[in-house]
>>> print(open('protein_1.cif').read())   # mmCIF, C-alpha atoms (C1' of nucleotides); chains and numbers go by the auth columns
data_final
#
loop_
_atom_site.group_PDB
_atom_site.id
_atom_site.type_symbol
_atom_site.label_atom_id
_atom_site.label_comp_id
_atom_site.label_asym_id
_atom_site.label_seq_id
_atom_site.Cartn_x
_atom_site.Cartn_y
_atom_site.Cartn_z
_atom_site.B_iso_or_equiv
_atom_site.auth_seq_id
_atom_site.auth_asym_id
ATOM 1 C CA MET A 1 0.000 0.000 0.000 0.00 769 A
ATOM 2 C CA LYS A 2 1.208 3.428 -0.808 0.00 770 A
ATOM 3 C CA LYS A 3 1.221 6.249 1.613 0.00 771 A
ATOM 4 C CA ALA A 4 -1.664 8.680 1.500 0.00 772 A
ATOM 5 C CA THR A 5 0.648 11.630 1.675 0.00 773 A
ATOM 6 C CA GLU A 6 0.165 12.403 -1.983 0.00 774 A
ATOM 7 C CA PRO A 7 -0.812 15.980 -2.768 0.00 775 A
ATOM 8 C CA ARG A 8 -4.529 15.506 -3.160 0.00 776 A
ATOM 9 C CA PHE A 9 -4.909 19.190 -3.825 0.00 777 A
ATOM 10 C CA PHE A 10 -3.703 18.739 -7.368 0.00 778 A
ATOM 11 C CA ASP A 11 -5.840 15.668 -7.780 0.00 779 A
ATOM 12 C CA SER A 12 -8.917 17.575 -6.632 0.00 780 A
ATOM 13 C CA VAL A 13 -8.211 20.259 -9.180 0.00 781 A
ATOM 14 C CA TYR A 14 -7.912 17.676 -11.916 0.00 782 A
ATOM 15 C CA GLU A 15 -11.279 16.226 -11.030 0.00 783 A
ATOM 16 C CA VAL A 16 -13.027 19.575 -11.110 0.00 784 A
ATOM 17 C CA VAL A 17 -11.443 20.516 -14.411 0.00 785 A
ATOM 18 C CA ARG A 18 -12.571 17.233 -15.914 0.00 786 A
ATOM 19 C CA LEU A 19 -16.111 18.056 -14.824 0.00 787 A
ATOM 20 C CA ILE A 20 -16.155 21.179 -16.932 0.00 788 A
ATOM 21 C CA PRO A 21 -18.835 20.642 -19.587 0.00 789 A
ATOM 22 C CA PRO A 22 -17.789 20.998 -23.215 0.00 790 A
ATOM 23 C CA GLY A 23 -18.243 24.456 -24.610 0.00 791 A
ATOM 24 C CA ARG A 24 -17.760 25.984 -21.183 0.00 792 A
ATOM 25 C CA VAL A 25 -14.853 27.545 -19.361 0.00 793 A
ATOM 26 C CA THR A 26 -14.053 28.345 -15.767 0.00 794 A
ATOM 27 C CA THR A 27 -11.543 30.335 -13.793 0.00 795 A
ATOM 28 C CA TYR A 28 -8.769 29.359 -11.429 0.00 796 A
ATOM 29 C CA GLY A 29 -10.404 31.262 -8.593 0.00 797 A
ATOM 30 C CA ALA A 30 -13.713 29.459 -9.101 0.00 798 A
ATOM 31 C CA ILE A 31 -12.030 26.083 -8.867 0.00 799 A
ATOM 32 C CA ALA A 32 -9.951 27.094 -5.869 0.00 800 A
ATOM 33 C CA ARG A 33 -13.007 28.430 -4.129 0.00 801 A
ATOM 34 C CA PHE A 34 -14.939 25.272 -4.910 0.00 802 A
ATOM 35 C CA LEU A 35 -12.170 23.266 -3.310 0.00 803 A
ATOM 36 C CA GLY A 36 -12.565 25.369 -0.193 0.00 804 A
ATOM 37 C CA SER A 37 -9.240 27.078 -0.654 0.00 805 A
ATOM 38 C CA ALA A 38 -10.325 30.438 -1.981 0.00 806 A
ATOM 39 C CA GLY A 39 -7.314 32.542 -2.754 0.00 807 A
ATOM 40 C CA SER A 40 -5.215 29.614 -3.825 0.00 808 A
ATOM 41 C CA ALA A 41 -6.020 30.284 -7.459 0.00 809 A
ATOM 42 C CA ARG A 42 -2.304 30.172 -8.147 0.00 810 A
ATOM 43 C CA MET A 43 -2.235 26.624 -6.869 0.00 811 A
ATOM 44 C CA VAL A 44 -4.810 25.670 -9.476 0.00 812 A
ATOM 45 C CA GLY A 45 -2.540 27.035 -12.155 0.00 813 A
ATOM 46 C CA TRP A 46 0.338 25.138 -10.671 0.00 814 A
ATOM 47 C CA ALA A 47 -1.701 21.981 -10.622 0.00 815 A
ATOM 48 C CA MET A 48 -2.419 22.512 -14.286 0.00 816 A
ATOM 49 C CA ASN A 49 1.281 22.773 -14.894 0.00 817 A
ATOM 50 C CA ALA A 50 1.589 19.285 -13.475 0.00 818 A
ATOM 51 C CA SER A 51 -1.519 18.056 -15.279 0.00 819 A
ATOM 52 C CA PHE A 52 0.520 17.190 -18.354 0.00 820 A
ATOM 53 C CA GLY A 53 0.810 13.447 -18.556 0.00 821 A
ATOM 54 C CA VAL A 54 -1.910 12.886 -15.997 0.00 822 A
ATOM 55 C CA GLN A 55 -4.532 10.300 -16.737 0.00 823 A
ATOM 56 C CA PRO A 56 -7.225 10.767 -17.645 0.00 824 A
ATOM 57 C CA PRO A 57 -6.107 13.893 -19.469 0.00 825 A
ATOM 58 C CA VAL A 58 -7.194 17.186 -17.961 0.00 826 A
ATOM 59 C CA PRO A 59 -8.869 19.698 -20.295 0.00 827 A
ATOM 60 C CA ALA A 60 -6.833 22.541 -18.944 0.00 828 A
ATOM 61 C CA GLN A 61 -7.699 24.583 -22.006 0.00 829 A
ATOM 62 C CA ARG A 62 -11.095 25.167 -20.457 0.00 830 A
ATOM 63 C CA VAL A 63 -9.456 26.897 -17.526 0.00 831 A
ATOM 64 C CA VAL A 64 -8.698 30.570 -17.990 0.00 832 A
ATOM 65 C CA ASN A 65 -8.063 33.484 -15.704 0.00 833 A
ATOM 66 C CA ALA A 66 -10.718 35.828 -14.320 0.00 834 A
ATOM 67 C CA SER A 67 -10.397 38.035 -17.386 0.00 835 A
ATOM 68 C CA GLY A 68 -11.045 35.196 -19.791 0.00 836 A
ATOM 69 C CA LEU A 69 -7.462 35.435 -20.914 0.00 837 A
ATOM 70 C CA LEU A 70 -5.741 32.243 -22.009 0.00 838 A
ATOM 71 C CA SER A 71 -3.074 32.632 -19.384 0.00 839 A
ATOM 72 C CA GLY A 72 -1.800 29.129 -19.966 0.00 840 A
ATOM 73 C CA LYS A 73 -1.638 29.280 -23.726 0.00 841 A
ATOM 74 C CA PHE A 74 2.148 29.417 -23.559 0.00 842 A
ATOM 75 C CA HIS A 75 2.250 26.290 -21.459 0.00 843 A
ATOM 76 C CA PHE A 76 0.105 24.283 -23.795 0.00 844 A
ATOM 77 C CA GLY A 77 2.682 24.283 -26.465 0.00 845 A
ATOM 78 C CA PRO A 78 3.870 26.154 -29.487 0.00 846 A
ATOM 79 C CA GLY A 79 1.488 28.396 -31.331 0.00 847 A
ATOM 80 C CA ASP A 80 -2.130 28.823 -30.323 0.00 848 A
ATOM 81 C CA GLU A 81 -2.950 25.216 -29.589 0.00 849 A
ATOM 82 C CA MET A 82 -5.034 26.191 -26.583 0.00 850 A
ATOM 83 C CA LYS A 83 -6.994 28.651 -28.654 0.00 851 A
ATOM 84 C CA ASN A 84 -7.512 26.019 -31.315 0.00 852 A
ATOM 85 C CA LEU A 85 -8.876 23.556 -28.770 0.00 853 A
ATOM 86 C CA LEU A 86 -11.291 26.092 -27.342 0.00 854 A
ATOM 87 C CA GLU A 87 -12.565 27.067 -30.753 0.00 855 A
ATOM 88 C CA ALA A 88 -13.051 23.404 -31.526 0.00 856 A
ATOM 89 C CA GLU A 89 -15.319 23.214 -28.481 0.00 857 A
ATOM 90 C CA GLY A 90 -17.381 26.082 -29.781 0.00 858 A
ATOM 91 C CA ILE A 91 -15.740 28.768 -27.689 0.00 859 A
ATOM 92 C CA PRO A 92 -14.798 31.803 -29.772 0.00 860 A
ATOM 93 C CA VAL A 93 -11.382 33.113 -28.873 0.00 861 A
ATOM 94 C CA GLU A 94 -9.742 36.251 -30.096 0.00 862 A
ATOM 95 C CA ASN A 95 -6.546 37.951 -29.127 0.00 863 A
ATOM 96 C CA ASP A 96 -5.938 35.118 -26.631 0.00 864 A
ATOM 97 C CA THR A 97 -9.134 36.066 -24.855 0.00 865 A
ATOM 98 C CA VAL A 98 -12.490 34.269 -24.692 0.00 866 A
ATOM 99 C CA LEU A 99 -15.216 36.298 -26.328 0.00 867 A
ATOM 100 C CA ASN A 100 -18.365 36.643 -24.236 0.00 868 A
ATOM 101 C CA PHE A 101 -16.391 35.098 -21.428 0.00 869 A
ATOM 102 C CA SER A 102 -19.169 35.537 -18.867 0.00 870 A
ATOM 103 C CA LEU A 103 -21.471 33.767 -21.295 0.00 871 A
ATOM 104 C CA HIS A 104 -19.274 30.682 -21.481 0.00 872 A
ATOM 105 C CA PHE A 105 -18.245 30.841 -17.854 0.00 873 A
ATOM 106 C CA TRP A 106 -19.125 27.767 -15.846 0.00 874 A
ATOM 107 C CA ASP A 107 -18.951 27.488 -12.099 0.00 875 A
ATOM 108 C CA PRO A 108 -18.353 24.106 -10.407 0.00 876 A
ATOM 109 C CA ALA A 109 -21.023 25.119 -7.938 0.00 877 A
ATOM 110 C CA GLU A 110 -23.560 24.480 -10.686 0.00 878 A
ATOM 111 C CA LEU A 111 -22.986 20.796 -10.121 0.00 879 A
ATOM 112 C CA LEU A 112 -24.518 21.149 -6.699 0.00 880 A
ATOM 113 C CA THR A 113 -27.354 23.388 -7.727 0.00 881 A
ATOM 114 C CA LYS A 114 -27.815 21.593 -11.051 0.00 882 A
ATOM 115 C CA ILE A 115 -29.090 24.923 -12.303 0.00 883 A
ATOM 116 C "C1'" DA B 1 13.157 23.723 7.780 0.00 968 B
ATOM 117 C "C1'" DC B 2 13.572 27.936 4.925 0.00 969 B
ATOM 118 C "C1'" DT B 3 13.246 30.309 0.597 0.00 970 B
ATOM 119 C "C1'" DT B 4 11.471 30.919 -3.903 0.00 971 B
ATOM 120 C "C1'" DT B 5 8.121 30.374 -7.183 0.00 972 B
ATOM 121 C "C1'" DG B 6 3.861 30.489 -9.662 0.00 973 B
ATOM 122 C "C1'" DA B 7 -1.131 28.983 -16.068 0.00 974 B
ATOM 123 C "C1'" DC B 8 -4.178 34.171 -9.946 0.00 975 B
ATOM 124 C "C1'" DT B 9 -7.313 37.897 -7.987 0.00 976 B
ATOM 125 C "C1'" DA B 10 -8.601 42.255 -6.222 0.00 977 B
ATOM 126 C "C1'" DT B 11 -7.852 46.914 -5.468 0.00 978 B
ATOM 127 C "C1'" DA B 12 -5.632 51.381 -6.545 0.00 979 B
ATOM 128 C "C1'" DA B 13 -3.735 54.978 -9.581 0.00 980 B
ATOM 129 C "C1'" DG C 1 -8.803 50.528 -21.093 0.00 469 C
ATOM 130 C "C1'" DT C 2 -3.834 49.553 -18.841 0.00 470 C
ATOM 131 C "C1'" DT C 3 -0.184 49.372 -15.245 0.00 471 C
ATOM 132 C "C1'" DA C 4 1.390 48.730 -10.403 0.00 472 C
ATOM 133 C "C1'" DT C 5 1.136 46.726 -5.920 0.00 473 C
ATOM 134 C "C1'" DA C 6 -0.471 43.638 -2.283 0.00 474 C
ATOM 135 C "C1'" DG C 7 -2.484 39.294 -0.706 0.00 475 C
ATOM 136 C "C1'" DC C 8 -2.829 34.634 -1.031 0.00 476 C
ATOM 137 C "C1'" DC C 9 -1.740 29.420 -0.522 0.00 477 C
ATOM 138 C "C1'" DA C 10 0.549 25.176 -1.544 0.00 478 C
ATOM 139 C "C1'" DA C 11 4.360 22.697 -3.785 0.00 479 C
ATOM 140 C "C1'" DA C 12 9.224 22.423 -5.414 0.00 480 C
ATOM 141 C "C1'" DG C 13 14.164 23.579 -4.797 0.00 481 C
#
>>> encode(input="protein_1.cif", output="structure tokens")
Amino acid sequence: MKKATEPRFFDSVYEVVRLIPPGRVTTYGAIARFLGSAGSARMVGWAMNASFGVQPPVPAQRVVNASGLLSGKFHFGPGDEMKNLLEAEGIPVENDTVLNFSLHFWDPAELLTKI
DNA sequence: ACTTTGACTATAA
DNA sequence: GTTATAGCCAAAG
């Protein structure tokens, strides 16, 4: 048996990000707040940094900053791969920013309320 | 154990 | 609208 000292914080972030419905986006702060660690939005970003190679894959492209800016576009890879992925989901992106961001914004709390 | 970092957010100018 | 500064927490070095 392995020790349970693994950083579950990252794992929790991965789960929430995977729950993001297609065609929707969320913010680091929303995820952090949902995890009960409001203010640790930076941790969410850090978790995303470690999400590469994680299984199942984490749709980190659906996670943007509070301004709808693709803050992690540079981490995804060369070019505008993140932008391409978002557009493929039906999310219009321009100038590395999600258009109508508030319209595509999705809060993990909606899982509890189920709208 | 301490220091530095980091894909953030909010407020102020 | 941008730019600057402070606050914030957890992981990596």
>>> interface_residues(input="protein_1.cif", of="chain A", to="chain C", cutoff="8 Å", atoms="only C-alpha atoms (C1' of nucleotides)", output="list of chain:residue names")
A:Ser805, A:Gly807, A:Ser808, A:Arg810, A:Met811
>>> resolve_selection(input="protein_1.cif", expression="the PyMOL selection byres ((chain A) within 6 of (chain B))", output="MDAnalysis selection string")
chainID A and resid 809:810 813 839:840
>>> write_last_selection(input="protein_1.cif", atoms="C-alpha atoms", output="JSON list (two decimals), keeping the file's coordinate frame")
[["chain", "number", "residue", "atom", "x", "y", "z"],
["A", 809, "ALA", "CA", -6.02, 30.28, -7.46],
["A", 810, "ARG", "CA", -2.30, 30.17, -8.15],
["A", 813, "GLY", "CA", -2.54, 27.04, -12.16],
["A", 839, "SER", "CA", -3.07, 32.63, -19.38],
["A", 840, "GLY", "CA", -1.80, 29.13, -19.97]]
>>> resolve_selection(input="protein_1.cif", expression="the PyMOL selection byres ((chain A and resi 804) around 12)", output="list in words")
Phe777, Ser780, Val781, Gly797, Ala798, Ile799, Ala800, Arg801, Phe802, Leu803, Ser805, Ala806, Gly807, Ser808, Ala809, Pro876 and Ala877 of chain A; DC477 of chain C
>>> residues_around(input="protein_1.cif", residues="Pro790 (chain A)", least_positions_apart="3", cutoff="12 Å", atoms="only C-alpha atoms (C1' of nucleotides)", output="list in words")
Val785, Arg786, Leu787, Val793, Thr794, Pro827, Ala828, Gln829, Arg830, Val831, Leu853, Leu854, Glu855, Ala856, Glu857, Gly858, Ile859, His872, Phe873 and Trp874 of chain A
>>> resolve_selection(input="protein_1.cif", expression="the PyMOL selection byres ((chain A and resi 863) around 12)", output="mmCIF file with C-alpha atoms, in the frame of the given file")
data_model
loop_
_atom_site.group_PDB
_atom_site.id
_atom_site.type_symbol
_atom_site.label_atom_id
_atom_site.label_comp_id
_atom_site.auth_asym_id
_atom_site.auth_seq_id
_atom_site.Cartn_x
_atom_site.Cartn_y
_atom_site.Cartn_z
ATOM 1 C CA GLY A 836 -11.045 35.196 -19.791
ATOM 2 C CA LEU A 837 -7.462 35.435 -20.914
ATOM 3 C CA LEU A 838 -5.741 32.243 -22.009
ATOM 4 C CA SER A 839 -3.074 32.632 -19.384
ATOM 5 C CA LYS A 841 -1.638 29.280 -23.726
ATOM 6 C CA ASP A 848 -2.130 28.823 -30.323
ATOM 7 C CA LYS A 851 -6.994 28.651 -28.654
ATOM 8 C CA PRO A 860 -14.798 31.803 -29.772
ATOM 9 C CA VAL A 861 -11.382 33.113 -28.873
ATOM 10 C CA GLU A 862 -9.742 36.251 -30.096
ATOM 11 C CA ASP A 864 -5.938 35.118 -26.631
ATOM 12 C CA THR A 865 -9.134 36.066 -24.855
ATOM 13 C CA VAL A 866 -12.490 34.269 -24.692
ATOM 14 C CA LEU A 867 -15.216 36.298 -26.328
#
>>> atom_distance(input="protein_1.cif", atom1="CA of Pro789 (chain A)", atom2="CA of Ala818 (chain A)")
21.4 Å
>>> atom_distance(input="protein_1.cif", atom1="CA of Ile788 (chain A)", atom2="CA of Met850 (chain A)")
15.6 Å
